[in-house]
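A.B. asks: Below is the file model_18.txt, with compact mmCIF, C-alpha atoms.
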```
# COMPACT_ATOMS: atom_id res chain seq x y z
CA ILE A 280 -30.55 86.00 -8.45
CA LEU A 281 -30.76 84.78 -12.00
CA ASN A 282 -29.10 81.41 -12.60
CA VAL A 283 -28.55 79.78 -15.93
CA GLU A 284 -27.73 76.10 -15.61
CA GLN A 285 -26.24 73.89 -18.30
CA SER A 286 -25.93 70.14 -18.39
CA PRO A 287 -23.95 68.07 -18.76
CA GLN A 288 -20.74 69.86 -17.80
CA SER A 289 -18.78 67.78 -20.27
CA LEU A 290 -19.48 65.16 -22.85
CA HIS A 291 -17.30 62.78 -24.85
CA VAL A 292 -18.87 61.26 -27.95
CA GLN A 293 -17.70 59.27 -30.94
CA GLU A 294 -17.60 60.79 -34.41
CA GLY A 295 -20.99 60.28 -36.03
CA ASP A 296 -22.93 60.23 -32.77
CA SER A 297 -25.77 62.68 -32.29
CA THR A 298 -25.90 64.54 -29.01
CA ASN A 299 -27.82 67.19 -27.13
CA PHE A 300 -27.31 69.58 -24.24
CA THR A 301 -29.70 71.36 -21.92
CA CYS A 302 -29.90 74.95 -20.74
CA SER A 303 -32.35 75.95 -18.03
CA PHE A 304 -33.16 79.52 -17.07
CA PRO A 305 -35.76 81.41 -15.02
CA SER A 306 -38.86 81.83 -17.15
CA SER A 307 -40.03 85.09 -15.57
CA ASN A 308 -39.24 88.34 -17.43
CA PHE A 309 -37.67 86.37 -20.25
CA TYR A 310 -36.64 88.16 -23.42
CA ALA A 311 -33.89 86.28 -25.25
CA LEU A 312 -31.82 83.09 -25.13
CA HIS A 313 -28.41 82.86 -26.81
CA TRP A 314 -26.22 79.87 -27.72
CA TYR A 315 -22.50 80.32 -28.40
CA ARG A 316 -19.74 77.96 -29.47
CA TRP A 317 -16.32 78.61 -27.96
CA GLU A 318 -13.36 76.80 -29.41
CA THR A 319 -10.06 76.78 -27.58
CA ALA A 320 -7.91 79.87 -28.26
CA LYS A 321 -10.71 81.50 -30.23
CA SER A 322 -13.58 83.92 -29.53
CA PRO A 323 -17.05 82.75 -28.54
CA GLU A 324 -19.15 82.65 -31.69
CA ALA A 325 -22.93 83.02 -31.77
CA LEU A 326 -24.95 80.05 -32.96
CA PHE A 327 -28.51 81.16 -32.24
CA VAL A 328 -30.53 83.93 -30.63
CA MET A 329 -34.09 82.91 -29.81
CA THR A 330 -36.89 84.95 -28.34
CA LEU A 331 -40.21 83.18 -29.03
CA ASN A 332 -41.65 80.25 -27.10
CA GLY A 333 -41.57 77.17 -29.32
CA ASP A 334 -38.85 78.66 -31.51
CA GLU A 335 -36.68 76.17 -33.32
CA LYS A 336 -33.58 77.23 -35.22
CA LYS A 337 -31.16 75.26 -37.36
CA LYS A 338 -27.67 75.86 -38.75
CA GLY A 339 -26.31 72.90 -40.67
CA ARG A 340 -26.15 69.92 -38.31
CA ILE A 341 -26.88 72.02 -35.24
CA SER A 342 -30.34 72.97 -34.07
CA ALA A 343 -31.91 74.46 -30.96
CA THR A 344 -35.35 74.63 -29.38
CA LEU A 345 -36.80 77.02 -26.83
CA ASN A 346 -39.48 76.63 -24.15
CA THR A 347 -39.90 79.94 -22.35
CA LYS A 348 -42.84 78.80 -20.20
CA GLU A 349 -40.85 76.09 -18.46
CA GLY A 350 -37.49 77.79 -18.89
CA TYR A 351 -35.34 75.45 -20.95
CA SER A 352 -33.58 75.20 -24.29
CA TYR A 353 -32.00 72.21 -26.00
CA LEU A 354 -29.08 72.26 -28.41
CA TYR A 355 -28.80 69.28 -30.76
CA ILE A 356 -25.82 68.23 -32.86
CA LYS A 357 -26.52 65.60 -35.49
CA GLY A 358 -23.66 63.36 -36.62
CA SER A 359 -20.95 64.97 -34.48
CA GLN A 360 -17.61 65.69 -36.12
CA PRO A 361 -14.23 66.30 -34.44
CA GLU A 362 -14.47 69.97 -35.46
CA ASP A 363 -17.58 70.27 -33.29
CA SER A 364 -15.34 69.89 -30.24
CA ALA A 365 -15.79 73.10 -28.26
CA THR A 366 -17.50 74.54 -25.22
CA TYR A 367 -21.14 75.41 -25.86
CA LEU A 368 -22.42 78.37 -23.84
CA CYS A 369 -25.99 79.31 -23.16
CA ALA A 370 -27.00 82.80 -21.99
CA SER A 371 -30.33 84.25 -20.96
CA SER A 372 -31.47 87.83 -20.74
CA ALA A 373 -31.57 89.16 -17.19
CA GLY A 374 -35.06 90.62 -17.37
CA ASP A 375 -34.20 93.88 -15.66
CA SER A 376 -31.99 95.10 -18.48
CA SER A 377 -32.14 94.95 -22.24
CA TYR A 378 -28.35 94.64 -22.44
CA LYS A 379 -27.56 92.11 -19.74
CA LEU A 380 -26.91 88.43 -20.51
CA ILE A 381 -26.37 85.83 -17.81
CA PHE A 382 -24.17 82.95 -18.98
CA GLY A 383 -24.18 79.35 -17.90
CA SER A 384 -20.96 77.49 -17.19
CA GLY A 385 -21.06 75.73 -20.54
CA THR A 386 -21.00 72.18 -21.83
CA ARG A 387 -17.60 71.02 -22.99
CA LEU A 388 -17.94 68.63 -25.95
CA LEU A 389 -15.15 66.38 -27.17
CA VAL A 390 -15.77 64.39 -30.34
CA ARG A 391 -13.39 61.48 -30.83
CA PRO A 392 -12.45 60.49 -34.41
CA GLU B 286 -11.41 87.97 -38.17
CA THR B 287 -14.24 88.55 -35.74
CA GLY B 288 -14.46 92.32 -36.15
CA VAL B 289 -13.66 92.79 -32.47
CA THR B 290 -9.99 93.20 -31.66
CA GLN B 291 -8.48 93.15 -28.19
CA THR B 292 -4.99 94.11 -27.11
CA PRO B 293 -2.89 92.92 -25.52
CA ARG B 294 -3.62 89.20 -25.75
CA HIS B 295 -1.60 88.47 -22.62
CA LEU B 296 -0.66 90.73 -19.72
CA VAL B 297 1.29 90.13 -16.54
CA MET B 298 1.19 92.95 -14.03
CA GLY B 299 2.18 93.59 -10.47
CA MET B 300 -0.31 94.65 -7.83
CA THR B 301 1.02 98.22 -7.84
CA ASN B 302 1.02 98.63 -11.63
CA LYS B 303 -1.42 100.54 -13.80
CA LYS B 304 -2.31 99.06 -17.16
CA SER B 305 -5.09 99.32 -19.72
CA LEU B 306 -6.88 96.82 -21.91
CA LYS B 307 -8.09 97.98 -25.29
CA CYS B 308 -10.99 96.82 -27.43
CA GLU B 309 -11.92 97.99 -30.91
CA GLN B 310 -14.88 96.93 -33.03
CA HIS B 311 -15.26 97.49 -36.77
CA LEU B 312 -18.87 96.33 -37.00
CA GLY B 313 -20.72 99.61 -36.52
CA HIS B 314 -22.36 98.36 -33.33
CA ASN B 315 -23.70 100.73 -30.69
CA ALA B 316 -23.22 98.55 -27.61
CA MET B 317 -19.92 97.33 -26.13
CA TYR B 318 -19.31 95.06 -23.17
CA TRP B 319 -16.59 93.87 -20.81
CA TYR B 320 -16.86 90.34 -19.51
CA LYS B 321 -14.65 88.46 -17.07
CA GLN B 322 -14.05 84.75 -16.96
CA SER B 323 -12.32 83.43 -13.90
CA ALA B 324 -11.19 79.83 -13.65
CA LYS B 325 -14.11 77.39 -13.47
CA LYS B 326 -16.70 80.19 -13.43
CA PRO B 327 -19.19 81.36 -16.06
CA LEU B 328 -18.64 84.46 -18.12
CA GLU B 329 -19.55 87.39 -15.91
CA LEU B 330 -20.74 90.75 -17.25
CA MET B 331 -18.76 93.70 -15.87
CA PHE B 332 -19.79 96.80 -17.83
CA VAL B 333 -22.07 97.79 -20.71
CA TYR B 334 -21.83 100.91 -22.83
CA ASN B 335 -24.53 101.98 -25.27
CA PHE B 336 -23.68 104.88 -27.61
CA LYS B 337 -20.72 105.72 -25.32
CA GLU B 338 -22.90 105.92 -22.21
CA GLN B 339 -22.44 103.39 -19.41
CA THR B 340 -25.70 101.51 -18.89
CA GLU B 341 -24.53 98.67 -16.64
CA ASN B 342 -21.97 98.38 -13.87
CA ASN B 343 -22.31 94.94 -12.40
CA SER B 344 -20.99 95.86 -8.94
CA VAL B 345 -17.42 95.91 -10.22
CA PRO B 346 -14.70 97.13 -7.80
CA SER B 347 -13.36 100.60 -8.52
CA ARG B 348 -9.88 99.22 -9.29
CA PHE B 349 -11.46 98.44 -12.70
CA SER B 350 -12.26 101.66 -14.54
CA PRO B 351 -13.90 101.51 -17.98
CA GLU B 352 -13.71 104.20 -20.63
CA CYS B 353 -15.65 104.45 -23.88
CA PRO B 354 -14.51 107.46 -25.93
CA ASN B 355 -16.68 106.49 -28.92
CA SER B 356 -18.88 103.63 -30.07
CA SER B 357 -15.93 101.79 -31.63
CA HIS B 358 -13.47 101.81 -28.75
CA LEU B 359 -13.61 100.53 -25.21
CA PHE B 360 -10.89 100.51 -22.58
CA LEU B 361 -10.55 98.89 -19.20
CA HIS B 362 -8.09 100.70 -16.95
CA LEU B 363 -6.56 98.57 -14.23
CA HIS B 364 -4.85 99.72 -11.04
CA THR B 365 -3.90 98.12 -7.74
CA LEU B 366 -5.30 94.78 -8.78
CA GLN B 367 -5.27 91.67 -6.64
CA PRO B 368 -4.08 88.18 -7.61
CA GLU B 369 -7.72 87.01 -7.60
CA ASP B 370 -8.36 89.44 -10.49
CA SER B 371 -6.31 87.15 -12.72
CA ALA B 372 -8.72 86.00 -15.41
CA LEU B 373 -9.62 86.16 -19.08
CA TYR B 374 -11.18 89.52 -19.95
CA LEU B 375 -13.41 89.48 -23.01
CA CYS B 376 -14.77 92.42 -24.92
CA ALA B 377 -17.92 92.14 -27.03
CA SER B 378 -20.17 94.32 -29.13
CA SER B 379 -23.72 94.09 -30.42
CA GLN B 380 -26.22 96.08 -32.41
CA GLY B 381 -28.84 96.96 -29.84
CA GLY B 382 -29.28 94.72 -26.81
CA VAL B 383 -29.96 91.10 -26.05
CA GLN B 384 -32.25 90.64 -29.02
CA ASN B 385 -29.13 90.43 -31.19
CA GLU B 386 -26.03 88.28 -31.00
CA ALA B 387 -22.86 89.53 -29.39
CA PHE B 388 -19.55 89.45 -31.23
CA PHE B 389 -16.58 88.71 -29.01
CA GLY B 390 -12.90 89.49 -29.16
CA GLN B 391 -10.32 86.84 -28.38
CA GLY B 392 -9.73 88.18 -24.91
CA THR B 393 -6.83 89.34 -22.77
CA ARG B 394 -5.37 86.76 -20.43
CA LEU B 395 -4.43 88.78 -17.32
CA THR B 396 -2.13 87.53 -14.59
CA VAL B 397 -1.67 89.64 -11.47
CA VAL B 398 1.48 88.80 -9.51
```
Represent the structure of the file as structure tokens.
C.D. replies:
Amino acid sequence: ILNVEQSPQSLHVQEGDSTNFTCSFPSSNFYALHWYRWETAKSPEALFVMTLNGDEKKKGRISATLNTKEGYSYLYIKGSQPEDSATYLCASSAGDSSYKLIFGSGTRLLVRP
Amino acid sequence: ETGVTQTPRHLVMGMTNKKSLKCEQHLGHNAMYWYKQSAKKPLELMFVYNFKEQTENNSVPSRFSPECPNSSHLFLHLHTLQPEDSALYLCASSQGGVQNEAFFGQGTRLTVV
């Protein structure tokens, strides 16, 4: 059974703080790792798709790294803003299918003004 | 506007009713997905269609019946559901498989009474 674990479950930070979350996944038969941001009452929105070990991607104040050998990815937010408040989902490919993603439970971030 | 539209947004149905959820994507993608999110659980893949052909059925009970008449439309037909089927049902699409990001609709909040 493929499990994708995210930590922490929730996080409260002050505006301006930098923060990071962890996603761990089985490293065997890995193909792709996705990060999504899900704001309340909206659709999940893709942040990054990463496939290569050592990959590092950046979008504005948000960046992510990938280690496929040890099976983890980090998401970093620099200088958090209240609009960053959302649930951040990580998903890993299932290995036995090129269309199947297994999602973690998410990290819920609240940024206080 | 995410490019993936789901209707209805909310649905309350009795256990003996038959209803359908509809999903439409305007992105030209070949793959479409149904996901389920129950309370306090991760997003769970239900079905995948690629070029109208079902490629994944994640051991979903037969009271959920998907239909994909073309690459732009996806339905989920519901009949004789149970209260534990109450959940948020999300549709998504992607170009190809897990190597590309998925685009999600806003979901249908289903309550079975």
A.B. asks: Residues within 7 Å of (-22.4, 66.6, -33.7), file coordinates, counting only C-alpha atoms: what are they? Give the list as a list in words.
C.D. replies: Gly295, Asp296, Ser297, Thr298, Arg340, Ile356, Lys357, Gly358, Ser359, Gln360 and Asp363 of chain A
A.B. asks: To one decimal in Å, tell me the separation between CA of Ala365 in chain A and CA of Lys325 in chain B.
C.D. replies: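 CA of Lys325 in chain B lies 15.5 Å from CA of Ala365 in chain A.
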A.B. asks: List the spatial neighbours of range 309-315 of chain A as a list in words - criterion: any atom at most 7 Å away, all atoms listed in the file, same-chain residues fewer than 3 positions off excluded.
C.D. replies: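 Here the answer would be Ser306, Pro323, Glu324, Ala325, Leu326, Phe327, Val328, Met329, Thr330, Tyr367, Leu368, Cys369, Ala370, Ser371, Ser372 and Gly374 of chain A; Val383 and Gln384 of chain B.
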A.B. asks: For a quick test of understanding: name the residues of chain B lying within 9 Å of chain A when counting all atoms listed in the file, and present them as a list in words.
C.D. replies: Thr287, Ala316, Lys325, Lys326, Pro327, Leu328, Glu329, Leu330, Val333, Asn335, Thr340, Glu341, Leu375, Gly381, Gly382, Val383, Gln384, Asn385, Glu386, Ala387, Phe388, Phe389, Gly390, Gln391 and Gly392 of chain B
A.B. asks: Store the residues picked out above, limited to C-alpha atoms, as a PDB file, keeping the file's coordinate frame.
C.D. replies:
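Saved to again27.pdb:
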```
ATOM      1  CA  THR B 287     -14.240  88.550 -35.740  1.00  0.00           C
ATOM      2  CA  ALA B 316     -23.220  98.550 -27.610  1.00  0.00           C
ATOM      3  CA  LYS B 325     -14.110  77.390 -13.470  1.00  0.00           C
ATOM      4  CA  LYS B 326     -16.700  80.190 -13.430  1.00  0.00           C
ATOM      5  CA  PRO B 327     -19.190  81.360 -16.060  1.00  0.00           C
ATOM      6  CA  LEU B 328     -18.640  84.460 -18.120  1.00  0.00           C
ATOM      7  CA  GLU B 329     -19.550  87.390 -15.910  1.00  0.00           C
ATOM      8  CA  LEU B 330     -20.740  90.750 -17.250  1.00  0.00           C
ATOM      9  CA  VAL B 333     -22.070  97.790 -20.710  1.00  0.00           C
ATOM     10  CA  ASN B 335     -24.530 101.980 -25.270  1.00  0.00           C
ATOM     11  CA  THR B 340     -25.700 101.510 -18.890  1.00  0.00           C
ATOM     12  CA  GLU B 341     -24.530  98.670 -16.640  1.00  0.00           C
ATOM     13  CA  LEU B 375     -13.410  89.480 -23.010  1.00  0.00           C
ATOM     14  CA  GLY B 381     -28.840  96.960 -29.840  1.00  0.00           C
ATOM     15  CA  GLY B 382     -29.280  94.720 -26.810  1.00  0.00           C
ATOM     16  CA  VAL B 383     -29.960  91.100 -26.050  1.00  0.00           C
ATOM     17  CA  GLN B 384     -32.250  90.640 -29.020  1.00  0.00           C
ATOM     18  CA  ASN B 385     -29.130  90.430 -31.190  1.00  0.00           C
ATOM     19  CA  GLU B 386     -26.030  88.280 -31.000  1.00  0.00           C
ATOM     20  CA  ALA B 387     -22.860  89.530 -29.390  1.00  0.00           C
ATOM     21  CA  PHE B 388     -19.550  89.450 -31.230  1.00  0.00           C
ATOM     22  CA  PHE B 389     -16.580  88.710 -29.010  1.00  0.00           C
ATOM     23  CA  GLY B 390     -12.900  89.490 -29.160  1.00  0.00           C
ATOM     24  CA  GLN B 391     -10.320  86.840 -28.380  1.00  0.00           C
ATOM     25  CA  GLY B 392      -9.730  88.180 -24.910  1.00  0.00           C
TER      26      GLY B 392
END
```
A.B. asks: So, counting only C-alpha atoms, which residue among B:Leu366, B:Leu395, B:Ala324, B:Cys308 is closest to Pro354 in chain B?
C.D. replies: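 Among the listed residues, B:Cys308 lies closest to Pro354 in chain B.
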A.B. asks: If you count all atoms listed in the file, which residues fall within 9 Å of Arg387 in chain A, apart from same-chain ones fewer than 4 positions away, as a ChimeraX atom specification?
C.D. replies: /A:287-291,364-368
A.B. asks: Please list as a list in words every residue within 10 Å of Thr301 in chain B, counting only C-alpha atoms and excluding residues in the same chain fewer than 2 positions away.
C.D. replies: Met298, Gly299, Lys303, Lys304, Leu363, His364, Thr365, Leu366, Gln367, Val397 and Val398 of chain B
A.B. asks: CA of Ser286 in chain A and CA of Cys302 in chain A, how far apart in Å?
C.D. replies: 6.7 Å
A.B. asks: Quick one: everything within 7 Å of Ser342 in chain A, counting only C-alpha atoms, minus sequence neighbours fewer than 6 positions away in the same chain. Send it as a list in words.
C.D. replies: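 Close residues of Ser342 in chain A: Lys336, Leu354, Tyr355 and Ile356 of chain A.
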A.B. asks: Using only C-alpha atoms, please write the residues we just selected to a file, as an mmCIF file, keeping the file's coordinate frame.
C.D. replies:
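Result file again_37.cif:
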```cif
data_model
loop_
_atom_site.group_PDB
_atom_site.id
_atom_site.type_symbol
_atom_site.label_atom_id
_atom_site.label_comp_id
_atom_site.auth_asym_id
_atom_site.auth_seq_id
_atom_site.Cartn_x
_atom_site.Cartn_y
_atom_site.Cartn_z
ATOM 1 C CA LYS A 336 -33.580 77.230 -35.220
ATOM 2 C CA LEU A 354 -29.080 72.260 -28.410
ATOM 3 C CA TYR A 355 -28.800 69.280 -30.760
ATOM 4 C CA ILE A 356 -25.820 68.230 -32.860
#
```
A.B. asks: Neighbouring residues of Tyr334 in chain B were defined as those with any atom within 10 Å, considering all atoms listed in the file; residues of the same chain fewer than 6 positions away were excluded. Please report them as a ChimeraX atom specification.
C.D. replies: /A:378 /B:315-319,340-342,351-353,355-356,359,378
A.B. asks: From the options A:Gln285, A:Thr319, A:Asn308, A:Pro361, which residue's atoms come nearest to Thr347 in chain A, counting only C-alpha atoms?
C.D. replies: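 The answer is A:Asn308, which sits nearest to Thr347 in chain A.
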A.B. asks: Find the distance between CA of Pro368 in chain B and CA of Met300 in chain B and write it in Å to one decimal.
C.D. replies: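 Atom-to-atom, CA of Pro368 in chain B to CA of Met300 in chain B, that is 7.5 Å.
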A.B. asks: Go through A:Ser307, A:Gln293, A:Thr386, A:Asn282 one by one, measure the shortest atom-to-atom distance of each to Tyr353 in chain A using all atoms listed in the file, and give the residue with the smallest value.
C.D. replies: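 The closest residue to Tyr353 in chain A is A:Thr386.
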A.B. asks: Looking at only C-alpha atoms, which of A:Glu362, A:Glu349, A:Asp334, A:Glu284 is the one that sits closest to Trp317 in chain A?
C.D. replies: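 Counting only C-alpha atoms, the residue closest to Trp317 in chain A is A:Glu362.
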A.B. asks: Would you fill the gaps in range 307-323 of chain B so it has N, CA, C and O atoms, then print it as a PDB file, in the frame of the given file?
C.D. replies:
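Once written, part.pdb looks like this:
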```pdb
ATOM      1  N   LYS B 307      -7.436  97.256 -24.208  1.00  0.00           N
ATOM      2  CA  LYS B 307      -8.090  97.980 -25.290  1.00  0.00           C
ATOM      3  C   LYS B 307      -8.948  97.054 -26.126  1.00  0.00           C
ATOM      4  O   LYS B 307      -8.588  95.899 -26.367  1.00  0.00           O
ATOM      5  N   CYS B 308     -10.080  97.577 -26.567  1.00  0.00           N
ATOM      6  CA  CYS B 308     -10.990  96.820 -27.430  1.00  0.00           C
ATOM      7  C   CYS B 308     -11.455  97.751 -28.542  1.00  0.00           C
ATOM      8  O   CYS B 308     -11.796  98.924 -28.290  1.00  0.00           O
ATOM      9  N   GLU B 309     -11.476  97.211 -29.757  1.00  0.00           N
ATOM     10  CA  GLU B 309     -11.920  97.990 -30.910  1.00  0.00           C
ATOM     11  C   GLU B 309     -12.852  97.130 -31.748  1.00  0.00           C
ATOM     12  O   GLU B 309     -12.558  95.969 -32.006  1.00  0.00           O
ATOM     13  N   GLN B 310     -13.974  97.702 -32.159  1.00  0.00           N
ATOM     14  CA  GLN B 310     -14.880  96.930 -33.030  1.00  0.00           C
ATOM     15  C   GLN B 310     -15.099  97.698 -34.325  1.00  0.00           C
ATOM     16  O   GLN B 310     -15.244  98.925 -34.328  1.00  0.00           O
ATOM     17  N   HIS B 311     -15.130  96.923 -35.426  1.00  0.00           N
ATOM     18  CA  HIS B 311     -15.260  97.490 -36.770  1.00  0.00           C
ATOM     19  C   HIS B 311     -16.591  97.107 -37.376  1.00  0.00           C
ATOM     20  O   HIS B 311     -16.722  97.001 -38.597  1.00  0.00           O
ATOM     21  N   LEU B 312     -17.594  96.863 -36.540  1.00  0.00           N
ATOM     22  CA  LEU B 312     -18.870  96.330 -37.000  1.00  0.00           C
ATOM     23  C   LEU B 312     -19.989  97.364 -37.005  1.00  0.00           C
ATOM     24  O   LEU B 312     -21.122  97.044 -37.365  1.00  0.00           O
ATOM     25  N   GLY B 313     -19.699  98.577 -36.556  1.00  0.00           N
ATOM     26  CA  GLY B 313     -20.720  99.610 -36.520  1.00  0.00           C
ATOM     27  C   GLY B 313     -21.753  99.418 -35.425  1.00  0.00           C
ATOM     28  O   GLY B 313     -22.861  99.974 -35.502  1.00  0.00           O
ATOM     29  N   HIS B 314     -21.417  98.623 -34.417  1.00  0.00           N
ATOM     30  CA  HIS B 314     -22.360  98.360 -33.330  1.00  0.00           C
ATOM     31  C   HIS B 314     -22.416  99.522 -32.340  1.00  0.00           C
ATOM     32  O   HIS B 314     -21.452 100.273 -32.191  1.00  0.00           O
ATOM     33  N   ASN B 315     -23.564  99.641 -31.650  1.00  0.00           N
ATOM     34  CA  ASN B 315     -23.700 100.730 -30.690  1.00  0.00           C
ATOM     35  C   ASN B 315     -23.387 100.303 -29.256  1.00  0.00           C
ATOM     36  O   ASN B 315     -23.124 101.144 -28.399  1.00  0.00           O
ATOM     37  N   ALA B 316     -23.425  99.017 -28.979  1.00  0.00           N
ATOM     38  CA  ALA B 316     -23.220  98.550 -27.610  1.00  0.00           C
ATOM     39  C   ALA B 316     -21.893  97.792 -27.492  1.00  0.00           C
ATOM     40  O   ALA B 316     -21.547  96.995 -28.376  1.00  0.00           O
ATOM     41  N   MET B 317     -21.180  98.048 -26.399  1.00  0.00           N
ATOM     42  CA  MET B 317     -19.920  97.330 -26.130  1.00  0.00           C
ATOM     43  C   MET B 317     -19.906  96.872 -24.682  1.00  0.00           C
ATOM     44  O   MET B 317     -20.496  97.522 -23.812  1.00  0.00           O
ATOM     45  N   TYR B 318     -19.236  95.747 -24.462  1.00  0.00           N
ATOM     46  CA  TYR B 318     -19.310  95.060 -23.170  1.00  0.00           C
ATOM     47  C   TYR B 318     -17.920  94.613 -22.722  1.00  0.00           C
ATOM     48  O   TYR B 318     -17.088  94.241 -23.552  1.00  0.00           O
ATOM     49  N   TRP B 319     -17.715  94.584 -21.417  1.00  0.00           N
ATOM     50  CA  TRP B 319     -16.590  93.870 -20.810  1.00  0.00           C
ATOM     51  C   TRP B 319     -17.136  92.711 -20.002  1.00  0.00           C
ATOM     52  O   TRP B 319     -18.046  92.886 -19.183  1.00  0.00           O
ATOM     53  N   TYR B 320     -16.555  91.534 -20.257  1.00  0.00           N
ATOM     54  CA  TYR B 320     -16.860  90.340 -19.510  1.00  0.00           C
ATOM     55  C   TYR B 320     -15.581  89.817 -18.858  1.00  0.00           C
ATOM     56  O   TYR B 320     -14.488  90.001 -19.377  1.00  0.00           O
ATOM     57  N   LYS B 321     -15.774  89.100 -17.759  1.00  0.00           N
ATOM     58  CA  LYS B 321     -14.650  88.460 -17.070  1.00  0.00           C
ATOM     59  C   LYS B 321     -14.938  86.980 -16.950  1.00  0.00           C
ATOM     60  O   LYS B 321     -16.067  86.596 -16.605  1.00  0.00           O
ATOM     61  N   GLN B 322     -13.924  86.163 -17.252  1.00  0.00           N
ATOM     62  CA  GLN B 322     -14.050  84.750 -16.960  1.00  0.00           C
ATOM     63  C   GLN B 322     -12.928  84.293 -16.059  1.00  0.00           C
ATOM     64  O   GLN B 322     -11.770  84.215 -16.493  1.00  0.00           O
ATOM     65  N   SER B 323     -13.276  84.000 -14.840  1.00  0.00           N
ATOM     66  CA  SER B 323     -12.320  83.430 -13.900  1.00  0.00           C
ATOM     67  C   SER B 323     -12.339  81.922 -14.056  1.00  0.00           C
ATOM     68  O   SER B 323     -13.286  81.353 -14.610  1.00  0.00           O
TER      69      SER B 323
END
```
